[in-house]
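Raw contents of coords-v6.txt, compact mmCIF, C-alpha atoms and all ligand atoms:
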```
# COMPACT_ATOMS: atom_id res chain seq x y z
CA MET A 1 -2.07 131.73 18.19
CA GLU A 2 -5.13 129.51 18.50
CA PRO A 3 -6.18 128.30 15.05
CA VAL A 4 -9.67 128.90 13.65
CA SER A 5 -11.98 126.45 11.89
CA ILE A 6 -14.50 127.97 9.55
CA LEU A 7 -17.70 125.99 9.11
CA GLY A 8 -19.35 127.32 5.96
CA SER A 9 -16.20 128.88 4.53
CA THR A 10 -17.49 129.42 0.98
CA GLY A 11 -20.47 131.56 2.01
CA SER A 12 -20.62 135.30 2.57
CA ILE A 13 -19.45 135.21 6.23
CA GLY A 14 -16.94 132.42 5.54
CA THR A 15 -15.15 134.24 2.72
CA GLN A 16 -14.96 137.43 4.80
CA ALA A 17 -13.68 135.43 7.77
CA LEU A 18 -10.82 134.13 5.64
CA ARG A 19 -9.98 137.71 4.65
CA VAL A 20 -9.87 138.58 8.38
CA CYS A 21 -7.73 135.50 9.20
CA ARG A 22 -5.24 136.53 6.54
CA ALA A 23 -5.08 140.08 7.91
CA LEU A 24 -4.59 138.78 11.46
CA GLY A 25 -2.07 136.14 10.40
CA ARG A 26 -4.32 133.63 12.14
CA PRO A 27 -3.81 129.95 11.25
CA VAL A 28 -6.81 128.17 9.71
CA ALA A 29 -7.12 124.57 10.88
CA ALA A 30 -10.24 123.48 9.04
CA LEU A 31 -12.73 124.58 6.39
CA SER A 32 -16.13 123.28 5.35
CA ALA A 33 -18.68 123.81 2.61
CA ASP A 34 -21.84 122.16 1.40
CA SER A 35 -21.11 121.61 -2.30
CA SER A 36 -18.86 124.41 -3.66
CA THR A 37 -15.90 122.14 -4.37
CA GLY A 38 -14.07 124.57 -6.67
CA LEU A 39 -13.96 127.39 -4.15
CA LEU A 40 -13.21 125.09 -1.22
CA GLU A 41 -10.27 123.59 -3.12
CA GLU A 42 -8.99 127.10 -3.82
CA GLN A 43 -9.34 128.07 -0.14
CA ALA A 44 -7.66 124.86 1.01
CA ARG A 45 -4.66 125.47 -1.24
CA ALA A 46 -4.40 129.08 -0.05
CA PHE A 47 -4.82 128.47 3.72
CA HIS A 48 -3.40 124.92 4.20
CA PRO A 49 -5.90 123.59 6.79
CA GLN A 50 -5.36 120.11 8.26
CA LYS A 51 -8.98 119.13 7.62
CA VAL A 52 -11.74 120.07 5.20
CA CYS A 53 -15.31 118.82 5.11
CA MET A 54 -17.94 118.69 2.37
CA THR A 55 -21.43 117.92 3.58
CA ASP A 56 -22.72 116.90 0.15
CA GLU A 57 -21.67 113.32 -0.58
CA ALA A 58 -20.90 113.63 -4.30
CA ALA A 59 -19.04 116.89 -3.71
CA CYS A 60 -17.02 115.20 -0.99
CA ARG A 61 -15.86 112.48 -3.42
CA ASP A 62 -14.99 115.18 -5.96
CA LEU A 63 -12.96 117.15 -3.41
CA ARG A 64 -11.01 114.02 -2.38
CA VAL A 65 -9.88 113.65 -5.98
CA ARG A 66 -9.06 117.35 -6.31
CA LEU A 67 -6.93 117.38 -3.13
CA ARG A 68 -5.23 114.00 -3.47
CA ASP A 69 -1.83 115.64 -4.11
CA THR A 70 -2.03 117.30 -0.65
CA ASP A 71 -1.97 115.89 2.90
CA ILE A 72 -5.25 117.61 3.76
CA GLN A 73 -7.76 115.22 5.32
CA VAL A 74 -11.15 115.35 3.54
CA LEU A 75 -14.14 114.60 5.77
CA GLY A 76 -17.80 114.27 4.82
CA GLY A 77 -21.30 115.03 6.07
CA MET A 78 -22.56 116.16 9.45
CA GLU A 79 -20.10 113.73 11.04
CA GLY A 80 -17.22 115.64 9.51
CA LEU A 81 -18.59 118.98 10.73
CA CYS A 82 -18.95 117.61 14.26
CA GLU A 83 -15.43 116.13 14.18
CA ILE A 84 -13.96 119.51 13.26
CA ALA A 85 -16.10 121.28 15.88
CA ALA A 86 -14.94 118.97 18.69
CA ASP A 87 -11.28 118.45 17.68
CA PRO A 88 -8.96 120.40 20.03
CA ALA A 89 -6.38 120.66 17.21
CA CYS A 90 -8.95 122.53 15.07
CA GLY A 91 -9.09 125.39 17.59
CA MET A 92 -11.98 127.83 17.73
CA PRO A 93 -14.88 127.09 15.40
CA LEU A 94 -16.49 129.98 13.54
CA ASN A 95 -19.95 128.66 12.78
CA ALA A 96 -21.04 130.38 9.56
CA LEU A 97 -23.40 127.63 8.43
CA VAL A 98 -26.84 128.63 7.16
CA GLY A 99 -29.85 127.23 8.98
CA MET A 100 -30.47 124.65 11.66
CA VAL A 101 -27.78 122.44 10.19
CA GLY A 102 -25.44 124.48 12.41
CA LEU A 103 -26.97 123.20 15.63
CA ARG A 104 -25.14 119.88 16.10
CA PRO A 105 -21.64 121.24 15.41
CA THR A 106 -22.26 124.08 17.90
CA LEU A 107 -23.34 121.59 20.56
CA ARG A 108 -20.32 119.37 19.89
CA ALA A 109 -17.92 122.29 20.19
CA LEU A 110 -19.51 123.44 23.45
CA GLU A 111 -19.40 119.90 24.82
CA ALA A 112 -15.67 120.00 24.13
CA GLY A 113 -15.51 123.15 26.28
CA LYS A 114 -14.68 125.40 23.33
CA THR A 115 -15.48 129.03 22.67
CA VAL A 116 -17.57 129.23 19.49
CA ALA A 117 -17.76 132.31 17.27
CA LEU A 118 -21.42 132.09 16.27
CA ALA A 119 -22.70 133.57 13.04
CA ASN A 120 -25.36 130.87 12.75
CA LYS A 121 -28.32 132.45 14.55
CA GLU A 122 -30.64 129.53 13.75
CA THR A 123 -28.67 127.48 16.30
CA LEU A 124 -29.89 129.67 19.16
CA VAL A 125 -33.36 130.23 17.76
CA ALA A 126 -34.04 126.52 17.41
CA ALA A 127 -32.59 125.34 20.71
CA GLY A 128 -31.32 128.30 22.73
CA GLU A 129 -31.96 126.72 26.10
CA LEU A 130 -30.28 123.44 25.16
CA VAL A 131 -27.29 125.30 23.70
CA GLN A 132 -26.80 127.51 26.76
CA ASN A 133 -27.26 124.59 29.15
CA THR A 134 -24.65 122.64 27.18
CA ALA A 135 -22.26 125.59 27.33
CA LYS A 136 -22.73 125.92 31.10
CA ALA A 137 -22.32 122.20 31.74
CA HIS A 138 -19.00 121.94 29.86
CA GLY A 139 -17.44 125.38 30.26
CA GLY A 140 -18.04 126.34 26.62
CA ARG A 141 -18.88 129.84 25.49
CA LEU A 142 -20.50 131.68 22.60
CA LEU A 143 -19.14 134.86 21.03
CA PRO A 144 -21.63 136.63 18.75
CA VAL A 145 -20.72 137.35 15.14
CA ASP A 146 -24.10 138.74 14.05
CA SER A 147 -23.49 142.50 13.72
CA GLU A 148 -26.30 143.53 16.08
CA HIS A 149 -25.30 141.03 18.72
CA SER A 150 -21.66 141.97 18.45
CA ALA A 151 -22.79 145.57 19.02
CA ILE A 152 -24.85 144.61 22.10
CA PHE A 153 -21.96 142.51 23.38
CA GLN A 154 -19.66 145.53 23.03
CA CYS A 155 -22.17 147.84 24.76
CA LEU A 156 -22.41 145.38 27.69
CA TRP A 157 -18.64 144.89 27.86
CA GLY A 158 -17.38 145.99 31.29
CA ASN A 159 -20.82 147.16 32.46
CA ASP A 160 -23.14 145.90 35.17
CA LYS A 161 -25.68 143.57 33.55
CA LYS A 162 -28.14 144.18 36.37
CA ALA A 163 -28.23 147.87 35.43
CA VAL A 164 -29.57 147.12 31.92
CA ARG A 165 -33.07 148.48 31.31
CA ARG A 166 -33.45 147.22 27.77
CA ILE A 167 -31.67 146.26 24.59
CA LEU A 168 -32.26 148.40 21.50
CA LEU A 169 -31.96 146.05 18.53
CA THR A 170 -31.62 147.99 15.27
CA ALA A 171 -33.02 146.85 11.92
CA SER A 172 -32.33 148.25 8.47
CA GLY A 173 -35.95 147.68 7.50
CA GLY A 174 -34.80 145.71 4.44
CA PRO A 175 -35.50 146.34 0.75
CA PHE A 176 -39.29 146.57 1.22
CA TYR A 177 -39.30 149.22 3.93
CA GLY A 178 -42.33 151.53 3.62
CA LYS A 179 -44.25 149.15 1.34
CA THR A 180 -47.92 148.30 1.89
CA ARG A 181 -49.41 144.79 2.12
CA GLU A 182 -50.85 145.36 -1.33
CA GLU A 183 -47.47 146.20 -2.79
CA LEU A 184 -45.90 143.16 -1.10
CA GLN A 185 -48.37 140.91 -2.93
CA THR A 186 -46.37 141.41 -6.10
CA ALA A 187 -42.91 141.56 -4.48
CA THR A 188 -40.36 139.71 -6.61
CA LEU A 189 -37.37 137.55 -5.74
CA ALA A 190 -35.03 140.04 -7.40
CA GLY A 191 -36.53 142.82 -5.28
CA ALA A 192 -36.18 140.79 -2.08
CA LEU A 193 -32.54 140.03 -2.86
CA CYS A 194 -31.66 143.69 -3.33
CA HIS A 195 -30.66 144.78 0.20
CA PRO A 196 -29.97 148.52 0.58
CA ASN A 197 -26.99 148.33 3.01
CA TRP A 198 -25.64 144.82 3.50
CA SER A 199 -24.19 142.30 1.12
CA MET A 200 -25.17 138.88 2.51
CA GLY A 201 -26.20 135.38 1.52
CA ARG A 202 -29.55 134.73 -0.19
CA LYS A 203 -31.41 133.16 2.74
CA ILE A 204 -30.64 135.95 5.20
CA THR A 205 -31.35 138.62 2.58
CA VAL A 206 -34.86 137.24 2.09
CA ASP A 207 -35.21 137.07 5.90
CA SER A 208 -34.30 140.77 5.96
CA ALA A 209 -37.00 141.54 3.41
CA THR A 210 -39.71 139.80 5.48
CA LEU A 211 -38.24 141.19 8.77
CA MET A 212 -38.07 137.56 9.95
CA ASN A 213 -34.34 138.17 10.34
CA LYS A 214 -35.06 140.71 13.07
CA GLY A 215 -37.45 138.30 14.76
CA LEU A 216 -34.79 135.58 14.71
CA GLU A 217 -32.27 138.10 16.06
CA LEU A 218 -34.60 139.04 18.91
CA ILE A 219 -34.71 135.37 19.95
CA GLU A 220 -30.94 135.09 19.43
CA ALA A 221 -30.44 138.10 21.74
CA MET A 222 -32.68 136.55 24.42
CA TRP A 223 -30.39 133.54 24.64
CA LEU A 224 -27.07 135.29 24.15
CA PHE A 225 -27.73 137.95 26.79
CA ASP A 226 -30.25 136.18 29.03
CA VAL A 227 -33.04 138.76 28.68
CA PRO A 228 -36.79 138.26 28.21
CA PRO A 229 -38.36 139.42 24.91
CA GLU A 230 -40.13 142.32 26.68
CA GLN A 231 -36.71 143.80 27.39
CA ILE A 232 -35.76 144.00 23.72
CA THR A 233 -37.00 146.91 21.60
CA ILE A 234 -36.60 146.82 17.82
CA LEU A 235 -35.77 150.12 16.10
CA VAL A 236 -35.73 150.57 12.34
CA HIS A 237 -32.56 152.48 11.54
CA ARG A 238 -32.27 152.82 7.79
CA GLN A 239 -28.63 153.89 7.69
CA SER A 240 -27.25 150.68 9.33
CA LEU A 241 -24.53 152.62 11.14
CA VAL A 242 -25.78 152.12 14.71
CA HIS A 243 -25.61 148.33 14.93
CA SER A 244 -27.58 148.18 18.21
CA ALA A 245 -27.52 149.77 21.66
CA VAL A 246 -28.08 149.08 25.34
CA GLU A 247 -30.14 151.35 27.57
CA TYR A 248 -29.15 151.42 31.25
CA ARG A 249 -31.32 152.16 34.26
CA ASP A 250 -29.68 155.53 34.87
CA GLY A 251 -30.97 156.71 31.49
CA SER A 252 -27.69 156.27 29.60
CA ILE A 253 -27.69 154.60 26.18
CA LEU A 254 -24.49 153.02 24.84
CA ALA A 255 -24.46 152.29 21.12
CA GLN A 256 -21.91 150.76 18.76
CA LEU A 257 -21.33 152.42 15.38
CA SER A 258 -19.22 151.35 12.43
CA GLN A 259 -19.39 150.79 8.70
CA PRO A 260 -21.93 148.09 7.78
CA ASP A 261 -19.22 145.49 7.18
CA MET A 262 -19.36 141.99 8.67
CA ALA A 263 -15.56 141.83 8.76
CA LEU A 264 -15.63 143.87 11.99
CA PRO A 265 -17.83 141.58 14.12
CA ILE A 266 -15.98 138.58 12.67
CA GLN A 267 -12.62 140.10 13.60
CA LEU A 268 -13.72 141.05 17.10
CA ALA A 269 -14.95 137.50 17.78
CA LEU A 270 -11.53 136.20 16.68
CA THR A 271 -9.45 138.70 18.69
CA TYR A 272 -11.64 139.10 21.81
CA PRO A 273 -10.88 140.40 24.42
CA GLU A 274 -8.49 142.44 22.30
CA ARG A 275 -9.09 144.76 19.35
CA ALA A 276 -6.80 144.55 16.34
CA GLU A 277 -5.86 147.24 13.86
CA THR A 278 -5.83 145.29 10.61
CA GLY A 279 -7.24 147.89 8.24
CA VAL A 280 -9.79 145.33 7.01
CA VAL A 281 -12.63 147.70 7.90
CA GLU A 282 -12.60 151.39 6.99
CA PRO A 283 -13.35 153.61 9.97
CA LEU A 284 -16.71 155.37 9.95
CA ASP A 285 -16.47 159.08 9.22
CA LEU A 286 -19.25 160.65 11.30
CA LEU A 287 -18.83 163.96 9.46
CA ARG A 288 -20.01 162.18 6.32
CA ALA A 289 -22.53 159.84 7.94
CA GLY A 290 -25.49 162.18 7.42
CA THR A 291 -28.69 162.02 9.45
CA LEU A 292 -29.40 158.99 11.62
CA THR A 293 -33.08 158.07 11.87
CA PHE A 294 -34.99 155.66 14.14
CA ALA A 295 -38.55 154.37 13.78
CA ALA A 296 -40.79 151.60 15.10
CA PRO A 297 -41.10 148.55 12.81
CA ASP A 298 -44.35 147.98 10.92
CA GLU A 299 -45.53 144.64 12.29
CA GLU A 300 -48.91 144.85 10.57
CA THR A 301 -47.30 144.84 7.13
CA PHE A 302 -44.42 142.53 8.02
CA GLY A 303 -46.23 139.67 9.73
CA CYS A 304 -43.11 137.51 10.11
CA LEU A 305 -41.85 139.85 12.82
CA ARG A 306 -45.17 139.58 14.64
CA LEU A 307 -45.02 135.76 14.41
CA ALA A 308 -41.44 135.70 15.69
CA LYS A 309 -42.33 137.87 18.69
CA ALA A 310 -45.29 135.62 19.51
CA ALA A 311 -43.05 132.53 19.25
CA ALA A 312 -40.46 134.19 21.50
CA LYS A 313 -43.10 134.82 24.15
CA ALA A 314 -44.65 131.36 23.81
CA GLY A 315 -41.24 129.73 24.34
CA GLY A 316 -40.63 125.98 24.31
CA LEU A 317 -40.26 124.73 20.75
CA ALA A 318 -42.27 127.58 19.18
CA PRO A 319 -39.09 129.42 18.02
CA CYS A 320 -37.76 126.15 16.59
CA ILE A 321 -41.02 125.62 14.67
CA LEU A 322 -40.95 129.23 13.48
CA ASN A 323 -37.39 128.86 12.26
CA ALA A 324 -37.78 125.48 10.57
CA ALA A 325 -40.99 126.52 8.79
CA ASN A 326 -39.27 129.72 7.71
CA GLU A 327 -36.28 127.83 6.30
CA ALA A 328 -38.63 125.65 4.25
CA ALA A 329 -40.79 128.54 3.06
CA VAL A 330 -37.81 130.74 2.14
CA ALA A 331 -36.32 127.85 0.15
CA LEU A 332 -39.59 127.66 -1.84
CA PHE A 333 -39.54 131.43 -2.39
CA LEU A 334 -35.91 131.29 -3.56
CA GLU A 335 -36.98 128.71 -6.14
CA GLU A 336 -39.77 131.10 -7.15
CA ARG A 337 -42.37 128.49 -6.31
CA ILE A 338 -44.35 130.66 -3.88
CA PRO A 339 -45.08 134.41 -3.68
CA PHE A 340 -43.43 136.60 -1.06
CA LEU A 341 -46.36 136.88 1.37
CA GLU A 342 -46.80 133.12 1.41
CA ILE A 343 -43.61 132.80 3.47
CA GLU A 344 -45.44 134.37 6.38
CA GLU A 345 -48.62 132.36 5.75
CA ARG A 346 -46.72 129.08 5.77
CA VAL A 347 -44.80 129.93 8.94
CA GLY A 348 -48.01 131.00 10.66
CA TYR A 349 -49.67 127.76 9.59
CA ALA A 350 -46.90 125.58 11.05
CA LEU A 351 -47.00 127.53 14.31
CA SER A 352 -50.76 127.26 14.62
CA ARG A 353 -50.63 123.52 13.98
CA LEU A 354 -47.71 122.66 16.29
CA GLY A 355 -47.98 125.20 19.13
CA ALA A 356 -45.21 125.59 21.68
CA PRO A 357 -44.40 122.17 23.19
CA ALA A 358 -41.77 121.93 25.93
CA TYR A 359 -38.56 120.00 25.17
CA ARG A 360 -35.44 118.60 26.78
CA THR A 361 -33.41 116.80 24.15
CA LEU A 362 -31.82 117.46 20.77
CA GLU A 363 -33.89 114.63 19.30
CA GLU A 364 -37.11 116.44 20.26
CA VAL A 365 -35.81 119.62 18.63
CA LEU A 366 -34.92 117.84 15.39
CA ALA A 367 -38.21 115.93 15.29
CA VAL A 368 -40.41 119.01 15.63
CA ALA A 369 -38.25 120.90 13.14
CA ALA A 370 -38.80 118.14 10.58
CA GLU A 371 -42.52 118.27 11.23
CA ALA A 372 -42.62 122.07 10.87
CA LYS A 373 -40.67 121.88 7.62
CA ALA A 374 -43.03 119.31 6.18
CA LEU A 375 -46.07 121.38 7.17
CA ALA A 376 -44.63 124.56 5.67
CA GLN A 377 -43.78 122.73 2.45
CA SER A 378 -47.11 121.01 2.02
CA GLY A 379 -49.65 122.28 -0.46
CA ALA A 380 -52.33 121.66 2.16
CA VAL A 381 -51.34 124.92 3.82
CA LEU A 382 -53.12 127.15 1.37
CA HIS A 383 -56.07 124.86 1.07
CA GLU A 384 -56.64 125.16 4.80
CA LEU A 385 -55.99 128.87 4.86
CA ARG A 386 -58.40 129.89 2.08
MG MG B 1 -27.75 140.77 11.87
```
Would you write out, as structure tokens, the structure that this file holds?
Amino acid sequence: MEPVSILGSTGSIGTQALRVCRALGRPVAALSADSSTGLLEEQARAFHPQKVCMTDEAACRDLRVRLRDTDIQVLGGMEGLCEIAADPACGMPLNALVGMVGLRPTLRALEAGKTVALANKETLVAAGELVQNTAKAHGGRLLPVDSEHSAIFQCLWGNDKKAVRRILLTASGGPFYGKTREELQTATLAGALCHPNWSMGRKITVDSATLMNKGLELIEAMWLFDVPPEQITILVHRQSLVHSAVEYRDGSILAQLSQPDMALPIQLALTYPERAETGVVEPLDLLRAGTLTFAAPDEETFGCLRLAKAAAKAGGLAPCILNAANEAAVALFLEERIPFLEIEERVGYALSRLGAPAYRTLEEVLAVAAEAKALAQSGAVLHELR
């Protein structure tokens, strides 16, 4: 069985991926974390990988000491992540990193001709064209782990892609569904972190509250499935049981339903093209599912979705700027240094300042991302806006 390497193994997706690996009896060749040394040590002792990587320097030194009684190789930094991604002995990488930091390891794995299980949507948002060109040039491939994209992937499976009319991307609507702009002015961090259906990491949970997550997923879907933004329709589906759907030209809609549990898309990416009966995910009982509802998203109230759609249409580096500014603004919101609606203001500011330049290289992507981050972080934003 091909081993798996989990980049970001101490996060929400990473810990669930390890649960899936255990259920599948799948060997784990490598693990990585940013700074959670205690948990990574625990995981390393339980799963016996050949390599582990800590991106934080001090944490890396700490982990070396903790694991010195083992023969596990401890790597550090982005270099370590890229080494794991490219190493044939480390098998298939599951990229569960948070943010654009996942871009380089994805590129390295694709350059090595690997199939990458991708939970790190920022990789495709920031540099979708570069990533797909790299995959094509080296025979690499991406398998989606995001629940919506796994659903779309399953609905396309075995069907004629030319017969697709549009993709129906479902959204839970997040914790602030139905709120007015006025109410969002006083939205708190605790409120934003309280997702109705999904248990996820902090960054993505805030992205769900602003609906930026759905905007990022729209761009992710464009690159994963090679469709223009006009061919993707977002539907708010509060129950999070239909994880997305594909509408075909003959009028047929295929949807994928299951419990809202990330273990399922993770497992499918690891077992594809087969399906495994591991019992990790409870089957969905449709008799108890209740009513399923669908509605259009409110882009007037949730401006991040509007900005993401505009960036998707503008193309070039606009999605990269959107994403980088969002990462910076969400980090400020998580530190309770800015109010909720300022996330959208700061992202809009970076986009208006930097536009949608064309690009060819990774260096151009990283340079504009750094610029967008700095703009979104700067206090000058609000001065200019008001
Ligand atoms: Mg998702």
Identify, counting only C-alpha atoms and all ligand atoms, the protein, DNA and RNA residues located within 9 Å of ligand MG 1 (chain B), and give them as a PyMOL selection string. chain A and resi 119+121+145-149+170-171+204+208+213-214+217+243
Just want the 9 Å neighbourhood of Leu334 of chain A, counted on only C-alpha atoms, with same-chain residues fewer than 5 positions away dropped. Output as number ranges by chain. A: 189, 202-203, 206, 329
Residue with the minimum atom-to-atom distance to Ala209 of chain A, picked from A:Leu184, A:Ala96, A:Ala46, A:Leu18 with all atoms listed in the file counted, is A:Leu184
Taking into account all atoms listed in the file, which residue in the set A:Glu371, A:Glu364, A:Asp207, A:Asp87 is nearest to Gly316 of chain A?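 Once distances to Gly316 of chain A are computed over all atoms listed in the file, the minimum belongs to A:Glu364.
In this structure, atom CA of Arg104 of chain A sits 29.7 Å away from atom CA of Glu336 of chain A.
You will find atom CA of Gln73 of chain A at 6.3 Å from atom CA of Val52 of chain A.
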Can you pull out every residue within 10 Å of Gly251 of chain A, counting only C-alpha atoms, but drop anything in the same chain fewer than 4 positions away, and send it as JSON, numbers by chain? {"A": [164, 165, 247]}
If you measure from atom CA of Asp261 of chain A to atom CA of Ser36 of chain A, what distance in Å do you get, rounded to one decimal? 23.7 Å
All residues 8 Å or closer to Gly80 of chain A, all atoms listed in the file, same chain fewer than 5 positions away omitted, as a list in words: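 Answer for this query is Cys53, Met54, Thr55 and Leu75 of chain A.
Counting all atoms listed in the file and comparing A:Gly173, A:Gly14, A:Pro339, A:Gly102, the residue that lies closest to Leu235 of chain A is A:Gly173.
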Counting only C-alpha atoms, select every polymer residue within 10 Å of (-16.6, 142.1, 10.3) as defined in the file's coordinates, and provide the selection as a PDB file with C-alpha atoms, in the coordinates of the input.
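The file below, selection-v2.pdb, is the result:
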```pdb
ATOM      1  CA  ILE A  13     -19.450 135.210   6.230  1.00  0.00           C
ATOM      2  CA  GLN A  16     -14.960 137.430   4.800  1.00  0.00           C
ATOM      3  CA  ALA A  17     -13.680 135.430   7.770  1.00  0.00           C
ATOM      4  CA  ARG A  19      -9.980 137.710   4.650  1.00  0.00           C
ATOM      5  CA  VAL A  20      -9.870 138.580   8.380  1.00  0.00           C
ATOM      6  CA  VAL A 145     -20.720 137.350  15.140  1.00  0.00           C
ATOM      7  CA  ASP A 146     -24.100 138.740  14.050  1.00  0.00           C
ATOM      8  CA  SER A 147     -23.490 142.500  13.720  1.00  0.00           C
ATOM      9  CA  SER A 150     -21.660 141.970  18.450  1.00  0.00           C
ATOM     10  CA  SER A 258     -19.220 151.350  12.430  1.00  0.00           C
ATOM     11  CA  GLN A 259     -19.390 150.790   8.700  1.00  0.00           C
ATOM     12  CA  PRO A 260     -21.930 148.090   7.780  1.00  0.00           C
ATOM     13  CA  ASP A 261     -19.220 145.490   7.180  1.00  0.00           C
ATOM     14  CA  MET A 262     -19.360 141.990   8.670  1.00  0.00           C
ATOM     15  CA  ALA A 263     -15.560 141.830   8.760  1.00  0.00           C
ATOM     16  CA  LEU A 264     -15.630 143.870  11.990  1.00  0.00           C
ATOM     17  CA  PRO A 265     -17.830 141.580  14.120  1.00  0.00           C
ATOM     18  CA  ILE A 266     -15.980 138.580  12.670  1.00  0.00           C
ATOM     19  CA  GLN A 267     -12.620 140.100  13.600  1.00  0.00           C
ATOM     20  CA  LEU A 268     -13.720 141.050  17.100  1.00  0.00           C
ATOM     21  CA  ALA A 269     -14.950 137.500  17.780  1.00  0.00           C
ATOM     22  CA  VAL A 280      -9.790 145.330   7.010  1.00  0.00           C
ATOM     23  CA  VAL A 281     -12.630 147.700   7.900  1.00  0.00           C
TER      24      VAL A 281
END
```
Env of Gln185 of chain A: 12 Å cut, atoms = all atoms listed in the file, seq-sep filter 5 positions within chain, self excluded. Answer as a VMD selection string. chain A and resid 176 179 to 180 301 to 302 338 to 344
Counting all atoms listed in the file, find the residues whose atoms lie at most 12 Å from (-32.0, 115.0, 22.1) (file coordinates) and write them out as a PyMOL selection string. chain A and resi 103-104+107+127+130-131+134+359-368
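Considering only C-alpha atoms, the residue among A:Ala190, A:Leu7, A:Ile232, A:Ile167 positioned nearest to Ala109 of chain A is A:Leu7.
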Contacts of Leu110 of chain A within 12 Å, all atoms listed in the file, excl. fewer than 2 positions in-chain, as a VMD selection string: chain A and resid 82 85 to 88 92 to 93 95 103 to 108 112 to 118 130 to 143
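Minimum distance to Asp69 of chain A across A:Met222, A:Gln154, A:Phe47, A:Glu41 (counting all atoms listed in the file) occurs at A:Glu41.
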Counting all atoms listed in the file, the residue among A:Phe333, A:Phe225, A:Tyr349, A:Tyr177 that lies closest to Trp157 of chain A is A:Phe225
